[in-house]
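Have a look at the structure below, then the notes.
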Amino acid sequence: MKAFKTLVVLTIALITYTSCKEKTVAVVEEEIPSLKASYENDFLIGSALNGRQINEEDSVQNALIAREFNSYTAENIMKSMHIHPAKDTFNFEMPDKLFALAEKNGAKVHGHTLIWHSQLSSFFYGIKDSTEMVSAMTDHINTIAGRYAGKLDSWDVVNEAVEGDGSLRKSVFLNVLGEDYLPLSFKLAAAADPQADLYYNDYSMTGEAKRKGVIEMVKKIQESGAKIDGIGMQGHWHLDSPSLEEIETSILEYAALGVKVAITELDIDVLPNPRNVEGADISQRAEIDAQNNPYVNGLPDSINVALAKRYEDLFKLFLKHSDKISRVTLWGVNDGDSWKNNFPARGRTNYCLLFDRNNQPKKAYESVMALKENKE
Ligand code: XIL
């Protein structure tokens, strides 16, 4: 804020000076503070965009997205069930719009996601034969990653391949090809788009058993000679878990593999956790009851303050390790957009993000911005 105030004072002084001296009207060049400008020397600041946002339906949100974020991830429209709904059908209309929007706003695009067991195009489930699976994966990755090669910044090549206990998830890919499907995915992506940074992305990445499993898997991918540039920690977290220590240990252990670390889907759930659903397995949904949905009429100030503190602590940690962190992406623009209103229980009122339902910055936004302002 100090830099902004100084700029305003200097601008007013300049106008006064020029209008007295030369009787000309000076143009006030306003420097609008934003997340992306504040953190531009640290890491990219991203947001997931839904279909309405990619279609630029709301002028207030259009401006907010252009102003605050310099990396866009499609929340859904690049998942296989949408982009490749049948064996010989690709649907590029919405992804193309996302790239056009990013180009217009000078933002990067992070691709989400090539190989994922969930929101998976149904034809993959019918494949039982390994030759057929290799050919389907090759076609899928070549066609999609090839189309955006040179335009796209980074891909989530494989999403959520590891279970909480560290074992490999029994997806259709593992069942048909065994663990070879992992290096194969990275090799295919590198061939289709040699410039893109290639990531492995997952939730609950701070749990010890899962972390070990992910590290072992990434080492095997590296040993196979495949290129893997980064690890994405989704960051679907809560007000008091995981702990900052667990998050820091995880960032350090992943970075020690010689890869970048990204916080890829950050949101902080402020609601009670029904049936203690851990992580972000989207097949788990809990029944909703009144007790589980306490803030329908607004967020109590105490929780709003706790949320701001949580975001402040997290961004302080991310700044401490900014040499290892490439990008921090929020999973949605405003609280109304957040998938956490419907997960793990449907139809609740959650407050996970930095902007409220009217696109106004919350205390959490101010606390994240203040971390940079105080340093100037
Ligand atoms: C979520 C979307 O936000 C929802 O709109 C959709 O209904 C389900 O998927 N991990 C991921 C994301 O990698 O793609 C998921 O996104 C959230 C969990």
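So you can find residues: chains in the structure tokens are A, B, ... in the order shown, residues in each start at 1, and ligands are numbered from 1 in order.
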
For range 247-264 of chain A, find every residue with an atom within 8 Å (counting only C-alpha atoms), except residues of its own chain fewer than 2 positions away, and show them as a PDB file with C-alpha atoms, in the first residue's frame.
ATOM      1  CA  ASN A 201      -0.653 -33.428  -9.572  1.00  0.00           C
ATOM      2  CA  MET A 205       0.107 -34.506  -0.700  1.00  0.00           C
ATOM      3  CA  THR A 206       1.166 -33.702   2.863  1.00  0.00           C
ATOM      4  CA  ARG A 211       4.173 -38.454   0.177  1.00  0.00           C
ATOM      5  CA  ILE A 215       8.275 -39.631  -4.204  1.00  0.00           C
ATOM      6  CA  LYS A 219      11.814 -41.313  -8.891  1.00  0.00           C
ATOM      7  CA  ILE A 228       9.005 -34.611 -15.321  1.00  0.00           C
ATOM      8  CA  ASP A 229       9.375 -30.944 -14.392  1.00  0.00           C
ATOM      9  CA  GLY A 230       7.133 -30.493 -11.417  1.00  0.00           C
ATOM     10  CA  ILE A 231       4.867 -31.741  -8.683  1.00  0.00           C
ATOM     11  CA  GLY A 232       1.508 -30.111  -8.012  1.00  0.00           C
ATOM     12  CA  MET A 233       0.088 -30.107  -4.505  1.00  0.00           C
ATOM     13  CA  GLN A 234      -3.615 -29.448  -4.991  1.00  0.00           C
ATOM     14  CA  GLY A 235      -4.098 -27.558  -1.717  1.00  0.00           C
ATOM     15  CA  PRO A 242      -2.725 -29.795   7.321  1.00  0.00           C
ATOM     16  CA  SER A 243      -0.230 -28.031   9.582  1.00  0.00           C
ATOM     17  CA  LEU A 244       2.253 -25.539   8.177  1.00  0.00           C
ATOM     18  CA  GLU A 245       5.029 -27.935   9.203  1.00  0.00           C
ATOM     19  CA  LEU A 266      -5.813 -23.864  -3.368  1.00  0.00           C
ATOM     20  CA  LEU A 317       5.401 -20.057   3.753  1.00  0.00           C
ATOM     21  CA  LYS A 324      11.032 -23.746  -5.324  1.00  0.00           C
ATOM     22  CA  ILE A 325       7.449 -22.683  -6.072  1.00  0.00           C
ATOM     23  CA  SER A 326       6.460 -21.912  -9.656  1.00  0.00           C
ATOM     24  CA  ARG A 327       2.784 -21.091  -9.237  1.00  0.00           C
ATOM     25  CA  VAL A 328      -0.004 -20.755  -6.701  1.00  0.00           C
ATOM     26  CA  THR A 329      -3.451 -21.274  -8.224  1.00  0.00           C
ATOM     27  CA  LEU A 330      -6.724 -20.636  -6.389  1.00  0.00           C
ATOM     28  CA  TRP A 331      -9.433 -23.184  -7.271  1.00  0.00           C
TER      29      TRP A 331
END

- Query: Which residues, written as a list in words, have at least one atom at most 6 Å from Asn70 in chain A, with only C-alpha atoms counted and residues fewer than 4 positions away on the same chain left out?
  - Reply: Ile45, Gly46 and Ala107 of chain A

- Message: Neighbours of ligand 1 at 8 Å or closer, counting only C-alpha atoms and all ligand atoms: which residues, as JSON, numbers by chain?
- Response: {"A": [50, 75, 76, 79, 112, 113, 119, 159, 160, 201, 202, 203, 234, 236, 265, 280, 281, 282, 331, 332, 338, 339, 340]}

- Query: Using only C-alpha atoms, which residues sit within 9 Å of Ile54 in chain A once same-chain residues fewer than 4 positions away are excluded, as number ranges by chain?
  - Reply: A: 49-50, 62, 74, 94-95, 97-98, 101

- Would you work out the distance separating CA of Ala86 in chain A from CA of Asn342 in chain A, expressed in Å to one decimal?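 Separating CA of Ala86 in chain A from CA of Asn342 in chain A is a distance of 27.3 Å.
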
Could you pull out all residues of range 149-250 of chain A with a DSSP call of alpha helix (DSSP H) and give them as an mmCIF file with N, CA and C atoms, in the first residue's frame?
data_model
loop_
_atom_site.group_PDB
_atom_site.id
_atom_site.type_symbol
_atom_site.label_atom_id
_atom_site.label_comp_id
_atom_site.auth_asym_id
_atom_site.auth_seq_id
_atom_site.Cartn_x
_atom_site.Cartn_y
_atom_site.Cartn_z
ATOM 1 N N VAL A 172 -8.151 -47.625 -14.487
ATOM 2 C CA VAL A 172 -8.172 -48.431 -15.707
ATOM 3 C C VAL A 172 -6.782 -48.434 -16.360
ATOM 4 N N PHE A 173 -6.051 -47.342 -16.204
ATOM 5 C CA PHE A 173 -4.710 -47.266 -16.814
ATOM 6 C C PHE A 173 -3.762 -48.268 -16.138
ATOM 7 N N LEU A 174 -3.806 -48.289 -14.788
ATOM 8 C CA LEU A 174 -2.936 -49.225 -14.068
ATOM 9 C C LEU A 174 -3.368 -50.671 -14.355
ATOM 10 N N ASN A 175 -4.684 -50.884 -14.361
ATOM 11 C CA ASN A 175 -5.177 -52.248 -14.561
ATOM 12 C C ASN A 175 -4.744 -52.823 -15.912
ATOM 13 N N VAL A 176 -4.750 -51.992 -16.940
ATOM 14 C CA VAL A 176 -4.430 -52.513 -18.276
ATOM 15 C C VAL A 176 -2.926 -52.499 -18.556
ATOM 16 N N LEU A 177 -2.228 -51.442 -18.100
ATOM 17 C CA LEU A 177 -0.808 -51.319 -18.500
ATOM 18 C C LEU A 177 0.190 -51.534 -17.364
ATOM 19 N N TYR A 181 2.293 -47.204 -17.333
ATOM 20 C CA TYR A 181 1.483 -46.123 -17.921
ATOM 21 C C TYR A 181 1.972 -44.761 -17.443
ATOM 22 N N LEU A 182 2.697 -44.739 -16.309
ATOM 23 C CA LEU A 182 3.133 -43.439 -15.748
ATOM 24 C C LEU A 182 4.253 -42.827 -16.589
ATOM 25 N N PRO A 183 5.420 -43.511 -16.739
ATOM 26 C CA PRO A 183 6.429 -42.920 -17.624
ATOM 27 C C PRO A 183 5.929 -42.741 -19.047
ATOM 28 N N LEU A 184 5.082 -43.673 -19.508
ATOM 29 C CA LEU A 184 4.553 -43.546 -20.872
ATOM 30 C C LEU A 184 3.807 -42.213 -21.042
ATOM 31 N N SER A 185 2.982 -41.861 -20.067
ATOM 32 C CA SER A 185 2.217 -40.606 -20.162
ATOM 33 C C SER A 185 3.163 -39.416 -20.292
ATOM 34 N N PHE A 186 4.214 -39.407 -19.484
ATOM 35 C CA PHE A 186 5.153 -38.277 -19.519
ATOM 36 C C PHE A 186 5.943 -38.255 -20.828
ATOM 37 N N LYS A 187 6.306 -39.432 -21.318
ATOM 38 C CA LYS A 187 7.051 -39.476 -22.595
ATOM 39 C C LYS A 187 6.172 -38.977 -23.749
ATOM 40 N N LEU A 188 4.924 -39.400 -23.749
ATOM 41 C CA LEU A 188 4.011 -38.957 -24.815
ATOM 42 C C LEU A 188 3.795 -37.442 -24.749
ATOM 43 N N ALA A 189 3.638 -36.925 -23.533
ATOM 44 C CA ALA A 189 3.396 -35.477 -23.392
ATOM 45 C C ALA A 189 4.624 -34.682 -23.831
ATOM 46 N N ALA A 190 5.818 -35.170 -23.483
ATOM 47 C CA ALA A 190 7.049 -34.454 -23.860
ATOM 48 C C ALA A 190 7.228 -34.461 -25.372
ATOM 49 N N ALA A 191 6.838 -35.566 -26.007
ATOM 50 C CA ALA A 191 6.973 -35.641 -27.465
ATOM 51 C C ALA A 191 5.962 -34.717 -28.144
ATOM 52 N N ALA A 192 4.752 -34.641 -27.585
ATOM 53 C CA ALA A 192 3.709 -33.820 -28.212
ATOM 54 C C ALA A 192 3.946 -32.326 -27.979
ATOM 55 N N GLU A 208 2.082 -38.447 5.276
ATOM 56 C CA GLU A 208 3.406 -39.069 5.179
ATOM 57 C C GLU A 208 3.435 -40.273 4.225
ATOM 58 N N ALA A 209 2.451 -41.156 4.360
ATOM 59 C CA ALA A 209 2.465 -42.382 3.535
ATOM 60 C C ALA A 209 2.296 -42.029 2.061
ATOM 61 N N LYS A 210 1.374 -41.108 1.786
ATOM 62 C CA LYS A 210 1.136 -40.735 0.388
ATOM 63 C C LYS A 210 2.373 -40.038 -0.180
ATOM 64 N N ARG A 211 2.973 -39.179 0.638
ATOM 65 C CA ARG A 211 4.173 -38.454 0.177
ATOM 66 C C ARG A 211 5.266 -39.436 -0.244
ATOM 67 N N LYS A 212 5.456 -40.445 0.602
ATOM 68 C CA LYS A 212 6.489 -41.461 0.271
ATOM 69 C C LYS A 212 6.163 -42.148 -1.040
ATOM 70 N N GLY A 213 4.891 -42.502 -1.212
ATOM 71 C CA GLY A 213 4.460 -43.174 -2.439
ATOM 72 C C GLY A 213 4.685 -42.293 -3.655
ATOM 73 N N VAL A 214 4.353 -41.006 -3.527
ATOM 74 C CA VAL A 214 4.518 -40.083 -4.660
ATOM 75 C C VAL A 214 6.005 -39.939 -4.992
ATOM 76 N N ILE A 215 6.835 -39.808 -3.957
ATOM 77 C CA ILE A 215 8.275 -39.631 -4.204
ATOM 78 C C ILE A 215 8.851 -40.862 -4.914
ATOM 79 N N GLU A 216 8.438 -42.033 -4.448
ATOM 80 C CA GLU A 216 8.918 -43.277 -5.075
ATOM 81 C C GLU A 216 8.474 -43.333 -6.546
ATOM 82 N N MET A 217 7.226 -42.944 -6.783
ATOM 83 C CA MET A 217 6.703 -42.988 -8.157
ATOM 84 C C MET A 217 7.443 -41.996 -9.063
ATOM 85 N N VAL A 218 7.676 -40.776 -8.541
ATOM 86 C CA VAL A 218 8.358 -39.754 -9.351
ATOM 87 C C VAL A 218 9.790 -40.207 -9.647
ATOM 88 N N LYS A 219 10.441 -40.816 -8.657
ATOM 89 C CA LYS A 219 11.814 -41.313 -8.891
ATOM 90 C C LYS A 219 11.822 -42.330 -10.025
ATOM 91 N N LYS A 220 10.826 -43.214 -10.025
ATOM 92 C CA LYS A 220 10.762 -44.229 -11.094
ATOM 93 C C LYS A 220 10.550 -43.572 -12.457
ATOM 94 N N ILE A 221 9.727 -42.536 -12.483
ATOM 95 C CA ILE A 221 9.493 -41.829 -13.760
ATOM 96 C C ILE A 221 10.807 -41.208 -14.226
ATOM 97 N N GLN A 222 11.534 -40.608 -13.282
ATOM 98 C CA GLN A 222 12.828 -39.995 -13.636
ATOM 99 C C GLN A 222 13.813 -41.051 -14.116
ATOM 100 N N GLU A 223 13.856 -42.189 -13.393
ATOM 101 C CA GLU A 223 14.804 -43.255 -13.778
ATOM 102 C C GLU A 223 14.491 -43.845 -15.150
ATOM 103 N N LEU A 244 1.238 -26.215 8.994
ATOM 104 C CA LEU A 244 2.253 -25.539 8.177
ATOM 105 C C LEU A 244 3.521 -26.388 8.093
ATOM 106 N N GLU A 245 3.820 -27.093 9.190
ATOM 107 C CA GLU A 245 5.029 -27.935 9.203
ATOM 108 C C GLU A 245 4.909 -29.053 8.162
ATOM 109 N N GLU A 246 3.721 -29.671 8.133
ATOM 110 C CA GLU A 246 3.530 -30.759 7.136
ATOM 111 C C GLU A 246 3.639 -30.221 5.706
ATOM 112 N N ILE A 247 3.087 -29.037 5.513
ATOM 113 C CA ILE A 247 3.133 -28.458 4.157
ATOM 114 C C ILE A 247 4.581 -28.126 3.796
ATOM 115 N N GLU A 248 5.301 -27.535 4.756
ATOM 116 C CA GLU A 248 6.698 -27.157 4.479
ATOM 117 C C GLU A 248 7.560 -28.390 4.205
ATOM 118 N N THR A 249 7.416 -29.414 5.048
ATOM 119 C CA THR A 249 8.179 -30.651 4.834
ATOM 120 C C THR A 249 7.912 -31.202 3.443
ATOM 121 N N SER A 250 6.655 -31.166 3.044
ATOM 122 C CA SER A 250 6.295 -31.722 1.737
ATOM 123 C C SER A 250 6.919 -30.906 0.611
#

- Message: as an MDAnalysis selection string, please: every residue in range 124-333 of chain A that DSSP puts in strand (DSSP E or B).
- Response: chainID A and resid 154:159 162 168 197:202 230:233 236:238 260:269 286 325:330

Generate a file of the selected residues that holds N, CA and C atoms, formatted as a short mmCIF file (atom, residue, chain, number, x, y, z; two decimals), in the first residue's frame.
data_model
loop_
_atom_site.label_atom_id
_atom_site.label_comp_id
_atom_site.auth_asym_id
_atom_site.auth_seq_id
_atom_site.Cartn_x
_atom_site.Cartn_y
_atom_site.Cartn_z
N SER A 154 2.19 -25.24 -19.02
CA SER A 154 2.45 -26.48 -18.28
C SER A 154 1.22 -27.39 -18.29
N TRP A 155 1.48 -28.67 -18.15
CA TRP A 155 0.41 -29.68 -18.11
C TRP A 155 0.40 -30.44 -16.80
N ASP A 156 -0.78 -30.75 -16.28
CA ASP A 156 -0.91 -31.84 -15.33
C ASP A 156 -0.99 -33.09 -16.21
N VAL A 157 0.13 -33.78 -16.35
CA VAL A 157 0.13 -34.95 -17.25
C VAL A 157 -0.65 -36.08 -16.61
N VAL A 158 -0.35 -36.36 -15.35
CA VAL A 158 -1.08 -37.40 -14.63
C VAL A 158 -1.64 -36.77 -13.35
N ASN A 159 -2.91 -37.06 -13.09
CA ASN A 159 -3.59 -36.51 -11.91
C ASN A 159 -4.03 -37.66 -11.01
N VAL A 162 -1.98 -41.79 -6.98
CA VAL A 162 -1.51 -42.44 -5.75
C VAL A 162 -2.60 -42.37 -4.68
N LEU A 168 -0.30 -47.41 -5.63
CA LEU A 168 -0.82 -46.84 -6.88
C LEU A 168 -2.33 -47.11 -6.99
N ASP A 197 6.10 -27.44 -19.38
CA ASP A 197 6.52 -28.07 -18.13
C ASP A 197 5.51 -29.15 -17.78
N LEU A 198 6.03 -30.31 -17.41
CA LEU A 198 5.16 -31.47 -17.18
C LEU A 198 5.08 -31.80 -15.69
N TYR A 199 3.84 -31.85 -15.17
CA TYR A 199 3.63 -32.03 -13.73
C TYR A 199 2.89 -33.33 -13.40
N TYR A 200 3.19 -33.85 -12.21
CA TYR A 200 2.33 -34.82 -11.56
C TYR A 200 1.53 -34.04 -10.51
N ASN A 201 0.21 -34.23 -10.44
CA ASN A 201 -0.65 -33.43 -9.57
C ASN A 201 -1.53 -34.33 -8.70
N ASP A 202 -1.69 -33.96 -7.41
CA ASP A 202 -2.51 -34.81 -6.55
C ASP A 202 -2.97 -34.04 -5.31
N GLY A 230 7.70 -31.04 -12.64
CA GLY A 230 7.13 -30.49 -11.42
C GLY A 230 6.13 -31.40 -10.74
N ILE A 231 5.87 -31.04 -9.48
CA ILE A 231 4.87 -31.74 -8.68
C ILE A 231 3.85 -30.71 -8.21
N GLY A 232 2.58 -31.01 -8.44
CA GLY A 232 1.51 -30.11 -8.01
C GLY A 232 0.86 -30.64 -6.75
N MET A 233 0.83 -29.79 -5.73
CA MET A 233 0.09 -30.11 -4.50
C MET A 233 -1.24 -29.37 -4.62
N HIS A 236 -6.35 -28.48 -1.41
CA HIS A 236 -7.73 -28.41 -0.90
C HIS A 236 -7.62 -28.63 0.60
N TRP A 237 -7.42 -27.53 1.32
CA TRP A 237 -7.07 -27.63 2.73
C TRP A 237 -8.16 -27.04 3.63
N HIS A 238 -7.91 -27.15 4.93
CA HIS A 238 -8.88 -26.67 5.93
C HIS A 238 -8.26 -25.56 6.77
N LYS A 260 10.14 -28.61 -9.85
CA LYS A 260 9.42 -27.44 -9.32
C LYS A 260 8.23 -27.93 -8.49
N VAL A 261 7.79 -27.09 -7.57
CA VAL A 261 6.58 -27.41 -6.81
C VAL A 261 5.54 -26.33 -7.12
N ALA A 262 4.31 -26.75 -7.38
CA ALA A 262 3.23 -25.78 -7.58
C ALA A 262 2.10 -26.09 -6.60
N ILE A 263 1.46 -25.04 -6.11
CA ILE A 263 0.24 -25.21 -5.31
C ILE A 263 -0.88 -24.98 -6.31
N THR A 264 -1.59 -26.05 -6.68
CA THR A 264 -2.35 -26.00 -7.92
C THR A 264 -3.85 -25.77 -7.79
N GLU A 265 -4.40 -26.05 -6.62
CA GLU A 265 -5.88 -25.96 -6.51
C GLU A 265 -6.22 -25.47 -5.11
N LEU A 266 -5.69 -24.31 -4.76
CA LEU A 266 -5.81 -23.86 -3.37
C LEU A 266 -7.23 -23.39 -3.04
N ASP A 267 -7.79 -23.93 -1.98
CA ASP A 267 -9.00 -23.39 -1.36
C ASP A 267 -9.02 -23.86 0.09
N ILE A 268 -9.58 -23.03 0.95
CA ILE A 268 -9.60 -23.36 2.37
C ILE A 268 -11.06 -23.53 2.80
N ASP A 269 -11.39 -24.78 3.13
CA ASP A 269 -12.75 -25.12 3.55
C ASP A 269 -12.95 -24.63 4.99
N ALA A 286 -20.86 -36.61 1.00
CA ALA A 286 -21.56 -36.93 2.23
C ALA A 286 -22.94 -36.28 2.21
N ILE A 325 8.87 -22.70 -5.68
CA ILE A 325 7.45 -22.68 -6.07
C ILE A 325 7.26 -21.90 -7.37
N SER A 326 6.64 -22.55 -8.35
CA SER A 326 6.46 -21.91 -9.66
C SER A 326 5.14 -21.16 -9.75
N ARG A 327 4.14 -21.63 -9.01
CA ARG A 327 2.78 -21.09 -9.24
C ARG A 327 1.91 -21.42 -8.04
N VAL A 328 1.03 -20.47 -7.69
CA VAL A 328 0.00 -20.75 -6.70
C VAL A 328 -1.33 -20.45 -7.37
N THR A 329 -2.16 -21.46 -7.55
CA THR A 329 -3.45 -21.27 -8.22
C THR A 329 -4.59 -21.50 -7.25
N LEU A 330 -5.51 -20.51 -7.19
CA LEU A 330 -6.72 -20.64 -6.39
C LEU A 330 -7.75 -21.43 -7.19
#

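If you look at CA of Gly298 in chain A and CA of Thr349 in chain A, they are 8.6 Å away from each other.
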
- Asn304 in chain A environment, 10 Å, only C-alpha atoms, sequence neighbours closer than 6 positions dropped, as a PyMOL selection string: chain A and resi 270+298+310+351-352+362-364

- Message: Taking only C-alpha atoms into account, name the residue in A:Phe69, A:Phe90, A:Gly126, A:Ser80 that is nearest to Ala102 in chain A.
- Response: A:Phe69

- Task: Take CA of Gly166 in chain A and CA of His117 in chain A and report the distance between them in Å, one decimal.
- Result: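 According to the coordinates, CA of Gly166 in chain A and CA of His117 in chain A are separated by 16.6 Å.
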
- Message: Can you pull out the residues contacting Ser367 in chain A? Cut-off 12 Å, using only C-alpha atoms, and skip same-chain residues under 4 positions away; I want them as a ChimeraX atom specification.
- Response: /A:1,35,304-316,354,361-363,371-374

Write the residues of the preceding selection, restricted to N, CA, C and O atoms, as a tab-separated table (two decimals), in the first residue's frame.
chain	number	residue	atom	x	y	z
A	1	MET	N	0.83	-1.19	0.00
A	1	MET	CA	0.00	0.00	0.00
A	1	MET	C	0.87	1.25	0.00
A	1	MET	O	0.51	2.27	-0.56
A	35	LEU	N	-2.93	-9.07	-7.08
A	35	LEU	CA	-2.16	-10.24	-6.66
A	35	LEU	C	-1.01	-10.49	-7.63
A	35	LEU	O	0.13	-10.69	-7.25
A	304	ASN	N	-13.98	-15.37	9.47
A	304	ASN	CA	-13.39	-14.57	8.39
A	304	ASN	C	-11.94	-14.18	8.76
A	304	ASN	O	-11.04	-14.24	7.92
A	305	VAL	N	-11.76	-13.82	10.04
A	305	VAL	CA	-10.43	-13.45	10.51
A	305	VAL	C	-9.51	-14.68	10.52
A	305	VAL	O	-8.35	-14.62	10.10
A	306	ALA	N	-10.04	-15.81	10.96
A	306	ALA	CA	-9.23	-17.05	10.99
A	306	ALA	C	-8.83	-17.45	9.56
A	306	ALA	O	-7.70	-17.90	9.32
A	307	LEU	N	-9.73	-17.25	8.61
A	307	LEU	CA	-9.43	-17.57	7.21
A	307	LEU	C	-8.31	-16.66	6.69
A	307	LEU	O	-7.38	-17.12	6.01
A	308	ALA	N	-8.41	-15.38	7.04
A	308	ALA	CA	-7.38	-14.42	6.60
A	308	ALA	C	-6.02	-14.81	7.19
A	308	ALA	O	-5.00	-14.76	6.50
A	309	LYS	N	-6.02	-15.26	8.44
A	309	LYS	CA	-4.76	-15.65	9.09
A	309	LYS	C	-4.20	-16.91	8.41
A	309	LYS	O	-2.99	-17.03	8.19
A	310	ARG	N	-5.08	-17.84	8.08
A	310	ARG	CA	-4.64	-19.08	7.43
A	310	ARG	C	-3.99	-18.75	6.08
A	310	ARG	O	-2.91	-19.24	5.75
A	311	TYR	N	-4.64	-17.90	5.29
A	311	TYR	CA	-4.07	-17.51	4.00
A	311	TYR	C	-2.75	-16.76	4.20
A	311	TYR	O	-1.79	-16.97	3.44
A	312	GLU	N	-2.71	-15.91	5.22
A	312	GLU	CA	-1.47	-15.16	5.47
A	312	GLU	C	-0.33	-16.14	5.79
A	312	GLU	O	0.77	-16.04	5.22
A	313	ASP	N	-0.60	-17.09	6.67
A	313	ASP	CA	0.43	-18.07	7.05
A	313	ASP	C	0.89	-18.88	5.84
A	313	ASP	O	2.09	-19.15	5.67
A	314	LEU	N	-0.07	-19.28	5.02
A	314	LEU	CA	0.28	-20.08	3.85
A	314	LEU	C	1.14	-19.29	2.87
A	314	LEU	O	2.19	-19.77	2.41
A	315	PHE	N	0.72	-18.07	2.56
A	315	PHE	CA	1.49	-17.29	1.59
A	315	PHE	C	2.86	-16.90	2.15
A	315	PHE	O	3.83	-16.78	1.39
A	316	LYS	N	2.94	-16.73	3.47
A	316	LYS	CA	4.25	-16.46	4.09
A	316	LYS	C	5.17	-17.65	3.83
A	316	LYS	O	6.34	-17.50	3.47
A	354	LEU	N	-10.56	-15.94	-2.02
A	354	LEU	CA	-10.10	-14.60	-1.63
A	354	LEU	C	-11.12	-13.51	-1.96
A	354	LEU	O	-11.02	-12.40	-1.47
A	361	PRO	N	-12.94	-8.13	-2.59
A	361	PRO	CA	-11.84	-8.77	-1.86
A	361	PRO	C	-12.18	-8.95	-0.39
A	361	PRO	O	-12.75	-8.06	0.24
A	362	LYS	N	-11.86	-10.13	0.13
A	362	LYS	CA	-12.12	-10.43	1.53
A	362	LYS	C	-10.89	-10.07	2.38
A	362	LYS	O	-9.85	-9.72	1.85
A	363	LYS	N	-11.05	-10.21	3.69
A	363	LYS	CA	-9.90	-9.98	4.59
A	363	LYS	C	-8.72	-10.85	4.17
A	363	LYS	O	-7.57	-10.46	4.28
A	371	LEU	N	1.31	-8.91	2.88
A	371	LEU	CA	2.62	-9.56	3.03
A	371	LEU	C	3.64	-8.94	2.11
A	371	LEU	O	4.83	-8.87	2.42
A	372	LYS	N	3.19	-8.48	0.93
A	372	LYS	CA	4.12	-7.88	-0.02
A	372	LYS	C	4.25	-6.38	0.23
A	372	LYS	O	5.32	-5.82	0.13
A	373	GLU	N	3.12	-5.74	0.58
A	373	GLU	CA	3.15	-4.27	0.78
A	373	GLU	C	4.10	-3.88	1.90
A	373	GLU	O	4.85	-2.93	1.77
A	374	ASN	N	4.11	-4.65	2.97
A	374	ASN	CA	4.94	-4.30	4.12
A	374	ASN	C	6.42	-4.38	3.81
A	374	ASN	O	7.24	-3.81	4.52
